[in-house]
Structures are given as C-alpha cells and as structure tokens.
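Have a look at the structure below before the remarks.
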Amino acid sequence: MARALVKLGVREIASSAGVTPNTISRIENGSDAKQSTINAVRAVYENMGVKFLAAGDVTTSASICMEEQEI
C-alpha cells in the first residue's frame, strides 16, 4: 500500500490531497471515487517518491535504486 511506504496516516494524506480522511479509507478499501479525487491522491504519493507499477504494486525510488544495486 502506498500510504505504508510513505509512513503517513490517513489524515496527513487526506490533507495533502484536499479530501477527507474518510475518502482515503474508502479508496484504500476499493470503493469507487471520482477520477479527479484519484488523480489528486495519486499526485500526493508521486510527489513523495512513490512509483505506481502494474497490477496495483507500488515502490519508492529508494527501493528501485536498492534493487538495481543488488543485481
């Protein structure tokens, strides 16, 4: 989960995205949301260095760098 990667709570993400904490919880639980809301939340995570991968996986730039060093 993206929020776990950035180690922030629902309230902090919601505040940064301009939505309510309830909205973040609903999105994380798979409920529908407006595309503009999804875009706002995604932008918050991306600005914090989260990369969204295929199939709903997420990573951070730091994780990618560590994986490349291990190869």
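So you can find residues: chains in the structure tokens are A, B, ... in the order shown, residues in each start at 1, and ligands are numbered from 1 in order.
Neighbours of Ile13 (chain A) closer than or equal to 9 Å, with only C-alpha atoms counted and sequence neighbours fewer than 2 positions away skipped, come out as Arg3, Leu8, Gly9, Val10, Arg11, Ser15, Ser16, Ala17, Gly18, Val19, Pro21, Ile24, Val41, Val44 and Tyr45 of chain A.
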Judged by only C-alpha atoms, the minimum distance to Lys51 (chain A) among A:Glu12, A:Thr20, A:Leu5, A:Ser36 is found for A:Leu5
Kindly give the distance, in Å, that separates CA of Leu53 (chain A) and CA of Ile27 (chain A), rounded to a single decimal.
17.3 Å
